[in-house]
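Undergrad: Sharing work.pdb, PDB, C-alpha atoms:
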ATOM      1  CA  MET A   1      -9.362 -11.334  -6.332  1.00  0.00           C
ATOM      2  CA  LYS A   2      -5.771 -12.431  -6.650  1.00  0.00           C
ATOM      3  CA  THR A   3      -3.133  -9.848  -7.392  1.00  0.00           C
ATOM      4  CA  THR A   4       0.637  -9.517  -7.251  1.00  0.00           C
ATOM      5  CA  LEU A   5       2.302  -6.789  -5.207  1.00  0.00           C
ATOM      6  CA  ASN A   6       5.950  -5.808  -4.937  1.00  0.00           C
ATOM      7  CA  LEU A   7       6.424  -4.927  -1.275  1.00  0.00           C
ATOM      8  CA  ASN A   8       9.436  -3.989   0.795  1.00  0.00           C
ATOM      9  CA  ASP A   9      10.866  -7.137   2.436  1.00  0.00           C
ATOM     10  CA  ALA A  10      11.222  -5.550   5.879  1.00  0.00           C
ATOM     11  CA  LEU A  11       7.643  -4.249   5.709  1.00  0.00           C
ATOM     12  CA  VAL A  12       6.295  -7.691   4.826  1.00  0.00           C
ATOM     13  CA  THR A  13       8.269  -9.241   7.687  1.00  0.00           C
ATOM     14  CA  GLN A  14       6.780  -6.729  10.139  1.00  0.00           C
ATOM     15  CA  ALA A  15       3.308  -7.271   8.701  1.00  0.00           C
ATOM     16  CA  LYS A  16       3.585 -11.067   8.986  1.00  0.00           C
ATOM     17  CA  THR A  17       4.703 -10.727  12.607  1.00  0.00           C
ATOM     18  CA  LEU A  18       1.764  -8.432  13.406  1.00  0.00           C
ATOM     19  CA  ALA A  19      -0.680 -10.715  11.611  1.00  0.00           C
ATOM     20  CA  ALA A  20       0.571 -13.696  13.632  1.00  0.00           C
ATOM     21  CA  GLN A  21       0.307 -11.741  16.896  1.00  0.00           C
ATOM     22  CA  GLN A  22      -3.263 -10.756  16.037  1.00  0.00           C
ATOM     23  CA  ARG A  23      -4.101 -14.249  14.818  1.00  0.00           C
ATOM     24  CA  THR A  24      -5.160 -12.994  11.408  1.00  0.00           C
ATOM     25  CA  SER A  25      -3.867 -13.417   7.874  1.00  0.00           C
ATOM     26  CA  LEU A  26      -1.484 -11.173   6.013  1.00  0.00           C
ATOM     27  CA  THR A  27      -4.226 -10.711   3.410  1.00  0.00           C
ATOM     28  CA  ARG A  28      -6.687  -9.489   6.050  1.00  0.00           C
ATOM     29  CA  LEU A  29      -4.092  -7.131   7.521  1.00  0.00           C
ATOM     30  CA  ILE A  30      -3.405  -5.611   4.094  1.00  0.00           C
ATOM     31  CA  GLU A  31      -7.151  -5.302   3.409  1.00  0.00           C
ATOM     32  CA  GLU A  32      -7.685  -3.482   6.711  1.00  0.00           C
ATOM     33  CA  GLY A  33      -4.811  -1.100   6.022  1.00  0.00           C
ATOM     34  CA  LEU A  34      -6.049  -0.361   2.531  1.00  0.00           C
ATOM     35  CA  GLN A  35      -9.580   0.216   3.841  1.00  0.00           C
ATOM     36  CA  LEU A  36      -8.277   2.674   6.445  1.00  0.00           C
ATOM     37  CA  ARG A  37      -6.449   4.647   3.770  1.00  0.00           C
ATOM     38  CA  LEU A  38      -9.443   4.683   1.445  1.00  0.00           C
ATOM     39  CA  ASN A  39     -11.735   5.875   4.229  1.00  0.00           C
ATOM     40  CA  ALA A  40      -9.309   8.711   5.041  1.00  0.00           C
ATOM     41  CA  VAL A  41      -9.509  10.160   1.511  1.00  0.00           C
ATOM     42  CA  PRO A  42     -12.125  12.941   1.311  1.00  0.00           C
ATOM     43  CA  LYS A  43     -15.107  11.981  -0.790  1.00  0.00           C
ATOM     44  CA  ARG A  44     -15.234  13.636  -4.197  1.00  0.00           C
ATOM     45  CA  GLY A  45     -17.531  16.639  -4.096  1.00  0.00           C
ATOM     46  CA  ALA A  46     -17.714  16.612  -0.307  1.00  0.00           C
ATOM     47  CA  ALA A  47     -18.003  20.122   1.022  1.00  0.00           C
ATOM     48  CA  ARG A  48     -15.097  21.171   3.152  1.00  0.00           C
ATOM     49  CA  SER A  49     -15.878  23.735   5.770  1.00  0.00           C
ATOM     50  CA  LEU A  50     -13.720  25.691   8.114  1.00  0.00           C
ATOM     51  CA  PRO A  51     -14.282  25.382  11.842  1.00  0.00           C
ATOM     52  CA  VAL A  52     -16.274  28.270  13.277  1.00  0.00           C
ATOM     53  CA  PHE A  53     -15.916  29.551  16.833  1.00  0.00           C
ATOM     54  CA  HIS A  54     -19.352  30.335  18.259  1.00  0.00           C
ATOM     55  CA  GLY A  55     -18.129  31.530  21.642  1.00  0.00           C
ATOM     56  CA  LYS A  56     -18.320  34.972  23.134  1.00  0.00           C
ATOM     57  CA  GLY A  57     -15.567  37.516  23.069  1.00  0.00           C
ATOM     58  CA  GLY A  58     -14.047  38.549  19.798  1.00  0.00           C
ATOM     59  CA  LEU A  59     -11.025  40.632  19.022  1.00  0.00           C
ATOM     60  CA  ALA A  60      -9.023  42.310  21.722  1.00  0.00           C
ATOM     61  CA  PRO A  61     -10.072  45.902  22.436  1.00  0.00           C
ATOM     62  CA  GLY A  62      -8.573  48.296  19.921  1.00  0.00           C
ATOM     63  CA  LEU A  63      -8.344  45.788  17.066  1.00  0.00           C
ATOM     64  CA  GLY A  64     -10.541  46.299  14.038  1.00  0.00           C
ATOM     65  CA  GLY A  65      -9.613  43.050  12.320  1.00  0.00           C
ATOM     66  CA  LEU A  66      -9.398  44.619   8.869  1.00  0.00           C
ATOM     67  CA  SER A  67      -5.645  45.196   8.781  1.00  0.00           C
ATOM     68  CA  ASN A  68      -3.194  42.293   8.603  1.00  0.00           C
ATOM     69  CA  LYS A  69      -0.415  44.581   9.834  1.00  0.00           C
ATOM     70  CA  GLU A  70      -2.509  45.601  12.840  1.00  0.00           C
ATOM     71  CA  MET A  71      -3.217  41.948  13.664  1.00  0.00           C
ATOM     72  CA  LEU A  72       0.447  40.898  13.264  1.00  0.00           C
ATOM     73  CA  ASP A  73       1.647  43.802  15.408  1.00  0.00           C
ATOM     74  CA  ALA A  74      -0.857  42.828  18.130  1.00  0.00           C
ATOM     75  CA  ALA A  75       0.311  39.196  17.973  1.00  0.00           C
ATOM     76  CA  ASP A  76       3.928  40.265  18.434  1.00  0.00           C
ATOM     77  CA  SER A  77       3.137  42.264  21.564  1.00  0.00           C
TER      78      SER A  77
END
Represent the structure of the file as structure tokens.

TA:
Amino acid sequence: MKTTLNLNDALVTQAKTLAAQQRTSLTRLIEEGLQLRLNAVPKRGAARSLPVFHGKGGLAPGLGGLSNKEMLDAADS
């Protein structure tokens, strides 16, 4: 598909130089960059989960973990 883009001149110059160094076309370089960005976007409806630590240990002795003030005070000391 042909399309027209308004790109920064300095960016295009850098991209053309990189494309020449990699022996590829400017079109292919732009396609690869666009594909990388699209792959980095989280899929709609994808569940996001927080990392969970499954190791042993836990809170330092004396900390209950229910008070933010208690946790902040412990972090300061």

Undergrad: Counting all atoms listed in the file, which of A:Leu38, A:Leu50, A:Leu59, A:Val12 gets nearest to Leu26 in chain A?

TA: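 Once distances to Leu26 in chain A are computed over all atoms listed in the file, the minimum belongs to A:Val12.
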
Undergrad: Quick one: distance from CA of Lys43 in chain A to CA of Thr24 in chain A in Å, one decimal?

TA: 29.5 Å

Undergrad: What would the selection look like, as a list in words, if the PyMOL selection byres ((chain A and resi 15) around 12) were run on the coordinates I just shared?

TA: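 Applying the expression gives Leu7, Asn8, Asp9, Ala10, Leu11, Val12, Thr13, Gln14, Lys16, Thr17, Leu18, Ala19, Ala20, Gln21, Gln22, Arg23, Thr24, Ser25, Leu26, Thr27, Arg28, Leu29, Ile30, Glu31, Glu32 and Gly33 of chain A.
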
Undergrad: Have a look at A:Leu34, A:Ala74, A:Val41, A:Met1 and name the one nearest to Pro61 in chain A; count all atoms listed in the file.

TA: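 Of A:Leu34, A:Ala74, A:Val41, A:Met1, the one nearest Pro61 in chain A, counting all atoms listed in the file, is A:Ala74.
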
Undergrad: Write out as JSON an axis-aligned box for range 21-40 of chain A: all of its atoms listed in the file, 3 Å added on each side, centre and edge lengths in Å with one decimal.

TA:
{"center_x": -5.7, "center_y": -2.8, "center_z": 9.2, "size_x": 18.0, "size_y": 29.0, "size_z": 21.5}

Undergrad: Can you work out the spacing between CA of Gly58 in chain A and CA of Met71 in chain A in Å, to one decimal?

TA: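 If I compute the distance from CA of Gly58 in chain A to CA of Met71 in chain A, I get 12.9 Å.
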
Undergrad: Please measure the separation of CA of Gly62 in chain A and CA of Ser49 in chain A, giving the value in Å to one decimal.

TA: 29.3 Å
